[in-house]
Amino acid sequence: MSARQWARDLGMGTRYAFAGGREGWTRALLTAVGVGLGVALLLLTTAIPNALAERDRREEARSDHTFGQQKIPKADNTLVVLDADTTFRDLDVRGRLLEPEGPKAPLPPGVSEFPAAGEMVVSPALKELLASDEGKLLRERLDYRVTGTVGEQGLVGSQELAYFAGGKGLADQLEHTTGARIDSFGNPDLGSSDPWDPVLLLLVLVVFVVLLMPVAVFIAAAVRFGGERRDRRLAALRLVGSDSRMTRRIAAGEALAGSVLGLVLGTGFFLLGRQLAATLEVFSVSVFPSYLNPSPLLAALVAVAVPTAAVLVTLFALRGVVIEPLGVVRTAKPARRRLWWRLLLPAGGLAMLFPMVGQGRDGGTFNEYLVVGGVVLLLVGVTALLPWIVETVVARLGSGGIAWQLAVRRLQLSSGTAARMVNGIAVAVAGAIALQMLFAGVEGSYTEQSRYDVSRAQMQVQVPRGVETASAAGEFRDTEGVRKVTALNEGYLGGQRGDDGDSYVEITVADCASLREVATLPSCRDGDVFAVEGGEYDTDTAKLAKPGRTLWTDPGDTTTSDDRWTAWTVPQDIRHAQSREDPTGNRRGGILITPSALPENLGSFASAQLYLSLDPTVPDAQDHVRNTAARLDPVAQPMTWQSIESNERYATIRTGLSVGAACVLALIGASLLVSQLEQLRERRKLLSSLVAFGTRRRTLSLSVLWQTAIPIGLGLLLAATVGMALGAVLLRMTDTSVRVDWPSVLSMTGIGAGVVLVVTLLSLPPLWKLMRPDGLRTE
């Protein structure tokens, strides 16, 4: 067969698609919309690596300091930067206080000039938030005058909340807060990181395969829209002399035309979504449109693969269809589908994954080709097995009501079409179940229960240097939403005077109520001193906390005005107490001192912590606390305690999965709706005929619901089975015990069923419109 003849026949099919009247245009448009939605998501996927790289580049370009960096002296090109990050509800706000020390001080990216003291420049999203009614509490905290906005180069996302504020005397605070003196922005070492854990790399690979497979399945289904009517039209070609092979090539040309038009629409959808991306934030991730530039190589691969797949899928679909001059031999009972070759696909996938069973993270990285190939074959196995299962089950369904009989008979005549509609959702659910099982299985390695006792306190605030602890505690007690404040002054006393001492004892200064949070006291009144036994990592209390023993306070540990070592004598009436876990989950030892027992010459200890218990019924209690902390110190960053601590990379992968799953679910819903509308359009005359003969619309509506419910029920059952099998294999590959996460299985299955239910309900209005006798009119 010559290439010229192939090109001629494909070209003829393309002309038929666009010159075949309303019928041809409608089919081509439906195909193009279905393919276009898939192409848009594929282009988005190819743009993700560039978007992530651009976010990292922006973050590196604006980085201003790292822990342990070398200090530089003040000069005319230096800038003092202090961290002033905060949180508003669940939103992170990046903040920096700036003070240039000379005319050559470096400007942050995206900032045209330094804000003066009391002024700030903000990101567009933060400016909008501050101007809204929702931003009232945040306006109280960021008490600066807005003088400008931060440009795109200074932000990592379009919805990022960030500000740069001017300050004075910031250099004096460098020793006591997070910040640095810098002469340039950008840190090349920021991008260097530890090697990835093999299990996390496995998660990334599986996430990409699971998210992309439904897209490929939907594109393959979209190129077959209107297949039955097309095949009947092709019978006319046999009357004018074309042979069966030529007819199939012409049909492939029609599919090629729809797929090429789909590429055009998909590019349009992608460009539209690219612009809309700037207005969206999904799971705290936002991008600028300029980030979403697909890799030219990957975009070219999509442009070639989609039309090629359209031609191959069409030729494959027509392999069992006999198109004769007098009609299409497909209305007769088709031959039963064979099962054996369908089982080879999942079996091959398991065979590819089996060599890595038990490897775990200590066996090196997983073979990425085997992982991708094995997961793909297992998920493709769902699309191969589902038509056989639907055909086998519906062939055995018994009699019932009229709606049931109409639905069952339709499924018996076209079980392949019904399975094709469900394939995408089944693949998505199977992959999601496997991923949820894998995430649940390895979660213990990347998340852990924090030591913080969130039942006793939910926030922690460090008292700013120079502020009396009692005064700060009083401010927070008067803050709306705060039920209880535990104030603890912390420091150390040495057994010897001078820096060469090798034994120290921890001291805690607080009132009796606060001391009872860290130790079990026999009784307590102001003026008491206690030696605490049973503390973690405490070896010197028994030796140093003896009545009459002289201890020395390090001048760097107090806020006294001199630099002298100060003596303190352990009182004769010191009492013993038993340590208990404090709100941070630690058992402290050392000496507990009530305020009146502390001599004035010791001054105030530099480290003072407030542990706050909040009233859960008060809305925005945490933000009221942050506002109080900001009044005491603009760079204060109160800590909100969490009961669970998670590995940052693991949390990022979960976030990426959530973002991708949201996009895929949107594609699933849109594509299913297009497919459902195409099926209804194919059966317009049949529906009109039934209505004309007196069939109730309610009966037809129920029959359509049954036609959707039966395949989707079978598809979700198959998806749950394959998903659990794949999840079990992936868990064994990570050397993790197999445990079925039933809540995840049920939730993923429920989400898939919910998407189909919504699509079915949305298709009812077009169905009612088609159920009119005038649908019998023809030209």
# chains A, B, ... in the order shown; residues from 1 in each chain; ligands from 1
call {"tool": "select_by_dssp", "arguments": {"residues": "region 143-181 of chain A", "states": "helix (DSSP H, G or I)", "output": "list in words"}}
result
Glu152, Gln153, Gly154, Leu170, Ala171, Asp172 and Gln173 of chain A
call {"tool": "write_last_selection", "arguments": {"atoms": "all heavy atoms", "output": "PDB file, in the first residue's frame"}}
result
ATOM      1  N   GLU A 152       5.801  41.245  39.362  1.00  0.00           N
ATOM      2  CA  GLU A 152       5.759  39.797  39.179  1.00  0.00           C
ATOM      3  C   GLU A 152       7.089  39.130  39.503  1.00  0.00           C
ATOM      4  O   GLU A 152       7.114  38.009  40.017  1.00  0.00           O
ATOM      5  CB  GLU A 152       5.343  39.485  37.731  1.00  0.00           C
ATOM      6  CG  GLU A 152       5.220  38.012  37.427  1.00  0.00           C
ATOM      7  CD  GLU A 152       4.770  37.754  36.009  1.00  0.00           C
ATOM      8  OE1 GLU A 152       3.940  38.535  35.495  1.00  0.00           O
ATOM      9  OE2 GLU A 152       5.249  36.780  35.408  1.00  0.00           O
ATOM     10  N   GLN A 153       8.208  39.798  39.219  1.00  0.00           N
ATOM     11  CA  GLN A 153       9.515  39.189  39.461  1.00  0.00           C
ATOM     12  C   GLN A 153       9.795  38.954  40.941  1.00  0.00           C
ATOM     13  O   GLN A 153      10.672  38.175  41.291  1.00  0.00           O
ATOM     14  CB  GLN A 153      10.619  40.071  38.866  1.00  0.00           C
ATOM     15  CG  GLN A 153      10.708  40.035  37.361  1.00  0.00           C
ATOM     16  CD  GLN A 153      10.993  38.638  36.836  1.00  0.00           C
ATOM     17  OE1 GLN A 153      11.792  37.901  37.415  1.00  0.00           O
ATOM     18  NE2 GLN A 153      10.326  38.267  35.757  1.00  0.00           N
ATOM     19  N   GLY A 154       9.051  39.625  41.817  1.00  0.00           N
ATOM     20  CA  GLY A 154       9.269  39.448  43.252  1.00  0.00           C
ATOM     21  C   GLY A 154       8.332  38.464  43.897  1.00  0.00           C
ATOM     22  O   GLY A 154       8.343  38.312  45.128  1.00  0.00           O
ATOM     23  N   LEU A 170      16.901  48.541  62.561  1.00  0.00           N
ATOM     24  CA  LEU A 170      16.764  47.092  62.435  1.00  0.00           C
ATOM     25  C   LEU A 170      18.059  46.360  62.737  1.00  0.00           C
ATOM     26  O   LEU A 170      18.036  45.204  63.168  1.00  0.00           O
ATOM     27  CB  LEU A 170      16.294  46.736  61.015  1.00  0.00           C
ATOM     28  CG  LEU A 170      14.962  47.347  60.559  1.00  0.00           C
ATOM     29  CD1 LEU A 170      14.587  46.792  59.182  1.00  0.00           C
ATOM     30  CD2 LEU A 170      13.850  47.068  61.567  1.00  0.00           C
ATOM     31  N   ALA A 171      19.202  47.030  62.529  1.00  0.00           N
ATOM     32  CA  ALA A 171      20.479  46.356  62.777  1.00  0.00           C
ATOM     33  C   ALA A 171      20.625  45.944  64.237  1.00  0.00           C
ATOM     34  O   ALA A 171      21.278  44.942  64.552  1.00  0.00           O
ATOM     35  CB  ALA A 171      21.640  47.270  62.368  1.00  0.00           C
ATOM     36  N   ASP A 172      20.005  46.693  65.166  1.00  0.00           N
ATOM     37  CA  ASP A 172      20.102  46.359  66.582  1.00  0.00           C
ATOM     38  C   ASP A 172      19.348  45.080  66.923  1.00  0.00           C
ATOM     39  O   ASP A 172      19.568  44.505  67.996  1.00  0.00           O
ATOM     40  CB  ASP A 172      19.544  47.512  67.434  1.00  0.00           C
ATOM     41  CG  ASP A 172      20.330  48.806  67.245  1.00  0.00           C
ATOM     42  OD1 ASP A 172      21.534  48.709  66.896  1.00  0.00           O
ATOM     43  OD2 ASP A 172      19.750  49.887  67.427  1.00  0.00           O
ATOM     44  N   GLN A 173      18.460  44.652  66.039  1.00  0.00           N
ATOM     45  CA  GLN A 173      17.651  43.463  66.321  1.00  0.00           C
ATOM     46  C   GLN A 173      18.205  42.196  65.675  1.00  0.00           C
ATOM     47  O   GLN A 173      17.641  41.120  65.856  1.00  0.00           O
ATOM     48  CB  GLN A 173      16.218  43.681  65.828  1.00  0.00           C
ATOM     49  CG  GLN A 173      15.537  44.902  66.418  1.00  0.00           C
ATOM     50  CD  GLN A 173      14.121  45.048  65.912  1.00  0.00           C
ATOM     51  OE1 GLN A 173      13.352  44.094  65.897  1.00  0.00           O
ATOM     52  NE2 GLN A 173      13.762  46.258  65.478  1.00  0.00           N
TER      53      GLN A 173
END
call {"tool": "closest_residue", "arguments": {"among": "A:Leu200, A:Trp565, A:Ala720, A:Gln5", "to": "Leu379 (chain A)", "atoms": "only C-alpha atoms"}}
result
A:Ala720
call {"tool": "residues_around", "arguments": {"residues": "region 196-198 of chain A", "least_positions_apart": "4", "cutoff": "8 Å", "atoms": "only C-alpha atoms", "output": "PyMOL selection string"}}
result
chain A and resi 202+360-361+364-366
call {"tool": "write_last_selection", "arguments": {"atoms": "C-alpha atoms", "output": "PDB file, in the first residue's frame"}}
result
ATOM      1  CA  LEU A 202       8.109   6.193  43.365  1.00  0.00           C
ATOM      2  CA  GLY A 360      12.067  -0.660  49.930  1.00  0.00           C
ATOM      3  CA  ARG A 361      14.057   2.525  50.268  1.00  0.00           C
ATOM      4  CA  GLY A 364      18.263   2.039  45.727  1.00  0.00           C
ATOM      5  CA  THR A 365      15.925   3.842  43.348  1.00  0.00           C
ATOM      6  CA  PHE A 366      13.124   1.932  41.640  1.00  0.00           C
TER       7      PHE A 366
END
call {"tool": "select_by_dssp", "arguments": {"residues": "region 444-666 of chain A", "states": "strand (DSSP E)", "output": "PyMOL selection string"}}
result
chain A and resi 447-449+459-462+482-494+504-509+519-520+529-533+550-553+566-569+575-579+590-593+607-614+639-640+644-646
call {"tool": "closest_residue", "arguments": {"among": "A:Val207, A:Val39, A:Val461, A:Leu30", "to": "Phe270 (chain A)", "atoms": "only C-alpha atoms"}}
result
A:Val39
call {"tool": "residues_around", "arguments": {"residues": "region 413-419 of chain A", "least_positions_apart": "2", "cutoff": "9 Å", "atoms": "only C-alpha atoms", "output": "tab-separated table (two decimals) with all heavy atoms, in the first residue's frame"}}
result
chain	number	residue	atom	x	y	z
A	331	THR	N	-25.53	-4.74	13.35
A	331	THR	CA	-26.79	-4.81	14.07
A	331	THR	C	-27.11	-6.25	14.47
A	331	THR	O	-27.93	-6.48	15.35
A	331	THR	CB	-27.92	-4.26	13.22
A	331	THR	OG1	-27.95	-4.96	11.98
A	331	THR	CG2	-27.71	-2.77	12.95
A	332	ALA	N	-26.46	-7.23	13.83
A	332	ALA	CA	-26.64	-8.61	14.25
A	332	ALA	C	-25.90	-8.84	15.56
A	332	ALA	O	-25.09	-8.03	15.99
A	332	ALA	CB	-26.11	-9.56	13.16
A	333	LYS	N	-26.19	-9.96	16.18
A	333	LYS	CA	-25.56	-10.27	17.46
A	333	LYS	C	-24.06	-10.43	17.26
A	333	LYS	O	-23.62	-11.28	16.48
A	333	LYS	CB	-26.15	-11.55	18.04
A	333	LYS	CG	-25.62	-11.86	19.43
A	333	LYS	CD	-26.28	-13.09	20.02
A	333	LYS	CE	-25.71	-13.38	21.42
A	333	LYS	NZ	-26.34	-14.58	22.02
A	334	PRO	N	-23.24	-9.63	17.95
A	334	PRO	CA	-21.80	-9.71	17.72
A	334	PRO	C	-21.20	-10.93	18.38
A	334	PRO	O	-21.79	-11.54	19.27
A	334	PRO	CB	-21.29	-8.42	18.41
A	334	PRO	CG	-22.30	-8.13	19.48
A	334	PRO	CD	-23.61	-8.59	18.94
A	383	THR	N	-9.40	-0.92	31.03
A	383	THR	CA	-10.15	-0.58	29.81
A	383	THR	C	-10.38	-1.82	28.94
A	383	THR	O	-11.35	-1.85	28.17
A	383	THR	CB	-9.38	0.47	28.99
A	383	THR	OG1	-8.17	-0.09	28.49
A	383	THR	CG2	-9.03	1.68	29.85
A	386	LEU	N	-13.17	-4.17	31.11
A	386	LEU	CA	-14.50	-3.63	31.37
A	386	LEU	C	-15.51	-3.98	30.27
A	386	LEU	O	-16.65	-4.38	30.59
A	386	LEU	CB	-14.42	-2.12	31.58
A	386	LEU	CG	-15.71	-1.44	32.04
A	386	LEU	CD1	-16.25	-2.08	33.31
A	386	LEU	CD2	-15.50	0.05	32.23
A	387	PRO	N	-15.18	-3.85	28.97
A	387	PRO	CA	-16.17	-4.25	27.95
A	387	PRO	C	-16.61	-5.71	28.09
A	387	PRO	O	-17.80	-6.02	27.92
A	387	PRO	CB	-15.44	-3.99	26.63
A	387	PRO	CG	-14.41	-2.97	26.96
A	387	PRO	CD	-13.98	-3.28	28.35
A	388	TRP	N	-15.68	-6.60	28.40
A	388	TRP	CA	-16.03	-8.02	28.56
A	388	TRP	C	-16.96	-8.21	29.76
A	388	TRP	O	-17.95	-8.95	29.69
A	388	TRP	CB	-14.76	-8.84	28.74
A	388	TRP	CG	-15.04	-10.31	28.90
A	388	TRP	CD1	-15.18	-11.25	27.91
A	388	TRP	CD2	-15.24	-11.01	30.13
A	388	TRP	NE1	-15.45	-12.48	28.42
A	388	TRP	CE2	-15.49	-12.37	29.81
A	388	TRP	CE3	-15.23	-10.64	31.46
A	388	TRP	CZ2	-15.72	-13.34	30.77
A	388	TRP	CZ3	-15.47	-11.60	32.44
A	388	TRP	CH2	-15.70	-12.94	32.10
A	389	ILE	N	-16.66	-7.51	30.86
A	389	ILE	CA	-17.50	-7.65	32.06
A	389	ILE	C	-18.89	-7.09	31.81
A	389	ILE	O	-19.90	-7.72	32.17
A	389	ILE	CB	-16.82	-6.92	33.25
A	389	ILE	CG1	-15.55	-7.65	33.65
A	389	ILE	CG2	-17.77	-6.82	34.44
A	389	ILE	CD1	-14.76	-6.94	34.73
A	390	VAL	N	-18.98	-5.92	31.18
A	390	VAL	CA	-20.30	-5.34	30.91
A	390	VAL	C	-21.10	-6.26	29.99
A	390	VAL	O	-22.29	-6.51	30.23
A	390	VAL	CB	-20.14	-3.93	30.29
A	390	VAL	CG1	-21.50	-3.40	29.83
A	390	VAL	CG2	-19.52	-2.97	31.30
A	391	GLU	N	-20.47	-6.75	28.94
A	391	GLU	CA	-21.17	-7.64	28.01
A	391	GLU	C	-21.66	-8.89	28.72
A	391	GLU	O	-22.81	-9.33	28.53
A	391	GLU	CB	-20.24	-8.00	26.86
A	391	GLU	CG	-20.87	-8.95	25.84
A	391	GLU	CD	-19.86	-9.44	24.83
A	391	GLU	OE1	-18.95	-10.21	25.21
A	391	GLU	OE2	-19.97	-9.04	23.66
A	394	VAL	N	-24.60	-7.93	31.40
A	394	VAL	CA	-25.89	-7.48	30.85
A	394	VAL	C	-26.57	-8.59	30.06
A	394	VAL	O	-27.81	-8.60	29.91
A	394	VAL	CB	-25.73	-6.21	29.98
A	394	VAL	CG1	-25.19	-5.07	30.79
A	394	VAL	CG2	-24.87	-6.49	28.75
A	408	VAL	N	-31.62	-2.29	29.59
A	408	VAL	CA	-30.87	-3.54	29.43
A	408	VAL	C	-30.74	-3.91	27.96
A	408	VAL	O	-29.67	-4.33	27.49
A	408	VAL	CB	-31.56	-4.68	30.22
A	408	VAL	CG1	-30.96	-6.03	29.85
A	408	VAL	CG2	-31.42	-4.42	31.72
A	409	ARG	N	-31.83	-3.74	27.19
A	409	ARG	CA	-31.75	-4.10	25.77
A	409	ARG	C	-30.76	-3.20	25.04
A	409	ARG	O	-30.01	-3.68	24.17
A	409	ARG	CB	-33.15	-3.97	25.14
A	409	ARG	CG	-33.21	-4.45	23.70
A	409	ARG	CD	-32.73	-5.87	23.57
A	409	ARG	NE	-32.73	-6.35	22.18
A	409	ARG	CZ	-31.99	-7.34	21.73
A	409	ARG	NH1	-31.15	-7.96	22.57
A	409	ARG	NH2	-32.06	-7.72	20.49
A	410	ARG	N	-30.76	-1.93	25.38
A	410	ARG	CA	-29.81	-1.02	24.76
A	410	ARG	C	-28.37	-1.43	25.09
A	410	ARG	O	-27.49	-1.43	24.23
A	410	ARG	CB	-30.07	0.41	25.23
A	410	ARG	CG	-29.10	1.43	24.70
A	410	ARG	CD	-29.24	1.59	23.20
A	410	ARG	NE	-28.21	2.47	22.66
A	410	ARG	CZ	-28.10	2.78	21.38
A	410	ARG	NH1	-28.95	2.28	20.51
A	410	ARG	NH2	-27.14	3.58	20.95
A	411	LEU	N	-28.13	-1.80	26.35
A	411	LEU	CA	-26.78	-2.22	26.76
A	411	LEU	C	-26.39	-3.52	26.09
A	411	LEU	O	-25.21	-3.72	25.74
A	411	LEU	CB	-26.72	-2.37	28.28
A	411	LEU	CG	-26.80	-1.08	29.10
A	411	LEU	CD1	-26.87	-1.39	30.59
A	411	LEU	CD2	-25.58	-0.19	28.81
A	421	MET	N	-17.74	4.77	27.65
A	421	MET	CA	-18.06	5.96	28.44
A	421	MET	C	-17.50	5.86	29.86
A	421	MET	O	-17.09	6.85	30.46
A	421	MET	CB	-19.58	6.15	28.52
A	421	MET	CG	-20.22	6.72	27.28
A	421	MET	SD	-21.98	6.98	27.53
A	421	MET	CE	-21.95	8.11	28.94
A	422	VAL	N	-17.47	4.64	30.40
A	422	VAL	CA	-17.11	4.44	31.80
A	422	VAL	C	-15.61	4.23	31.97
A	422	VAL	O	-15.08	4.37	33.06
A	422	VAL	CB	-17.91	3.24	32.37
A	422	VAL	CG1	-17.55	2.95	33.80
A	422	VAL	CG2	-19.40	3.51	32.26
A	423	ASN	N	-14.92	3.88	30.88
A	423	ASN	CA	-13.51	3.51	30.98
A	423	ASN	C	-12.67	4.58	31.70
A	423	ASN	O	-11.86	4.27	32.57
A	423	ASN	CB	-12.92	3.27	29.58
A	423	ASN	CG	-13.02	1.81	29.18
A	423	ASN	OD1	-13.08	0.93	30.02
A	423	ASN	ND2	-13.04	1.57	27.88
A	679	GLN	N	-24.22	10.51	22.80
A	679	GLN	CA	-25.05	9.31	22.79
A	679	GLN	C	-26.53	9.66	22.61
A	679	GLN	O	-27.25	8.99	21.88
A	679	GLN	CB	-24.85	8.55	24.11
A	679	GLN	CG	-23.50	7.89	24.25
A	679	GLN	CD	-23.31	6.78	23.22
A	679	GLN	OE1	-24.15	5.90	23.08
A	679	GLN	NE2	-22.20	6.85	22.50
A	707	GLN	N	-29.09	3.00	32.14
A	707	GLN	CA	-28.01	2.75	31.18
A	707	GLN	C	-26.68	3.32	31.67
A	707	GLN	O	-25.61	2.83	31.29
A	707	GLN	CB	-28.37	3.39	29.83
A	707	GLN	CG	-29.46	2.66	29.08
A	707	GLN	CD	-29.88	3.42	27.85
A	707	GLN	OE1	-29.04	3.81	27.05
A	707	GLN	NE2	-31.17	3.64	27.68
A	708	THR	N	-26.75	4.34	32.49
A	708	THR	CA	-25.53	4.89	33.07
A	708	THR	C	-25.14	4.15	34.33
A	708	THR	O	-23.95	3.87	34.57
A	708	THR	CB	-25.72	6.39	33.38
A	708	THR	OG1	-26.13	7.07	32.20
A	708	THR	CG2	-24.43	7.00	33.89
A	711	PRO	N	-23.37	0.24	33.86
A	711	PRO	CA	-21.94	0.20	33.52
A	711	PRO	C	-21.05	0.86	34.57
A	711	PRO	O	-19.95	0.36	34.84
A	711	PRO	CB	-21.86	0.96	32.19
A	711	PRO	CG	-23.24	0.95	31.65
A	711	PRO	CD	-24.14	0.96	32.84
A	712	ILE	N	-21.53	1.98	35.16
A	712	ILE	CA	-20.66	2.64	36.12
A	712	ILE	C	-20.51	1.80	37.38
A	712	ILE	O	-19.45	1.76	38.00
A	712	ILE	CB	-21.19	4.06	36.46
A	712	ILE	CG1	-20.09	4.87	37.14
A	712	ILE	CG2	-22.39	4.00	37.37
A	712	ILE	CD1	-18.86	5.09	36.33
A	715	GLY	N	-18.04	-0.78	36.42
A	715	GLY	CA	-16.73	-0.15	36.26
A	715	GLY	C	-16.09	0.19	37.60
A	715	GLY	O	-14.88	-0.02	37.78
